[in-house]
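Down below is the structure, laid out as structure tokens.
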Amino acid sequence: MPELTTQITKYSVRDAPVVPAPIPPEDIISGEPESTMAILWRTDDGKLYNGVWHCTPGVFMLSSPGETVTLIDGDVTITPDGGEPVTVRAGDVAYIPEGTRARWEVRETVRKGFHSYDSTGALLGPA
């Protein structure tokens, strides 16, 4: 059985020590969105992880792991391929199913906390 840890990791979503997490240029539709992220915790295989993500205004496509998000700041409309648009604002929580490819229209800088499940472990790779 894995050894349990008693360390609690805490950051302000607004002030977390984020690092660049660029959106691929081919996925940007308009604007100049800048994406940053801080990983708080992850499994060794990279399949489960959580953290903080910030993104400035712009329109782009993203493919998602299974992800529960809570917006602390911002306003974004997420339109999954073949689906209806969903607007998520500060104070909202939303779940995006794994494998969803969606158009993100960020109107106000987004700051979110997230917990993700990537069944392949490919997005982050092994620790």
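Letters for chains follow the order of the structure tokens (A, B, ...), residue numbers begin at 1 for each chain, and ligand numbers begin at 1 in the order shown.
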With a distance cut-off of 10 Å and only C-alpha atoms, select the neighbouring residues of Asp45 (chain A), excluding the residue or stretch itself and same-chain residues fewer than 6 positions from it, and output the selection as a PyMOL selection string.
chain A and resi 118-122+124-127
Would you give me, as an MDAnalysis selection string, the residues in chain A that DSSP reads as strand (DSSP E)?
chainID A and resid 19:20 28:31 35:42 48:55 58:63 66:80 86:89 93:96 101:117
Test item: residues at most 10 Å from Ser116 (chain A), only C-alpha atoms, excluding those fewer than 3 positions along its chain, as a PyMOL selection string:
chain A and resi 42+46-51+64-69+95-98+119
Quick one: which region 50-108 of chain A residues come within 7 Å of region 27-35 of chain A, and what is the nearest atom pair for each with the distance in Å to one decimal, counting only C-alpha atoms, rows ordered by chain and ascending number, as JSON lines?
```
{"residue": "A:His54", "atom": "CA", "partner": "A:Ser35", "partner_atom": "CA", "distance": 5.7}
{"residue": "A:Cys55", "atom": "CA", "partner": "A:Ser35", "partner_atom": "CA", "distance": 4.4}
{"residue": "A:Thr56", "atom": "CA", "partner": "A:Pro33", "partner_atom": "CA", "distance": 5.0}
{"residue": "A:Pro57", "atom": "CA", "partner": "A:Pro33", "partner_atom": "CA", "distance": 5.4}
{"residue": "A:Gly58", "atom": "CA", "partner": "A:Gly31", "partner_atom": "CA", "distance": 4.5}
{"residue": "A:Val59", "atom": "CA", "partner": "A:Ser30", "partner_atom": "CA", "distance": 5.1}
{"residue": "A:Phe60", "atom": "CA", "partner": "A:Ile28", "partner_atom": "CA", "distance": 4.2}
{"residue": "A:Met61", "atom": "CA", "partner": "A:Asp27", "partner_atom": "CA", "distance": 5.1}
```
In Å to one decimal, how far is CA of Pro24 (chain A) from CA of Tyr11 (chain A)?
26.8 Å
Å distance separating CA of Ser63 (chain A) from CA of Val18 (chain A), one decimal place
20.4 Å
Do a neighbour search on Val19 (chain A) at 8 Å with only C-alpha atoms, toss out local chain neighbours closer than 4 positions, and write the hits as a ChimeraX atom specification.
/A:36-38
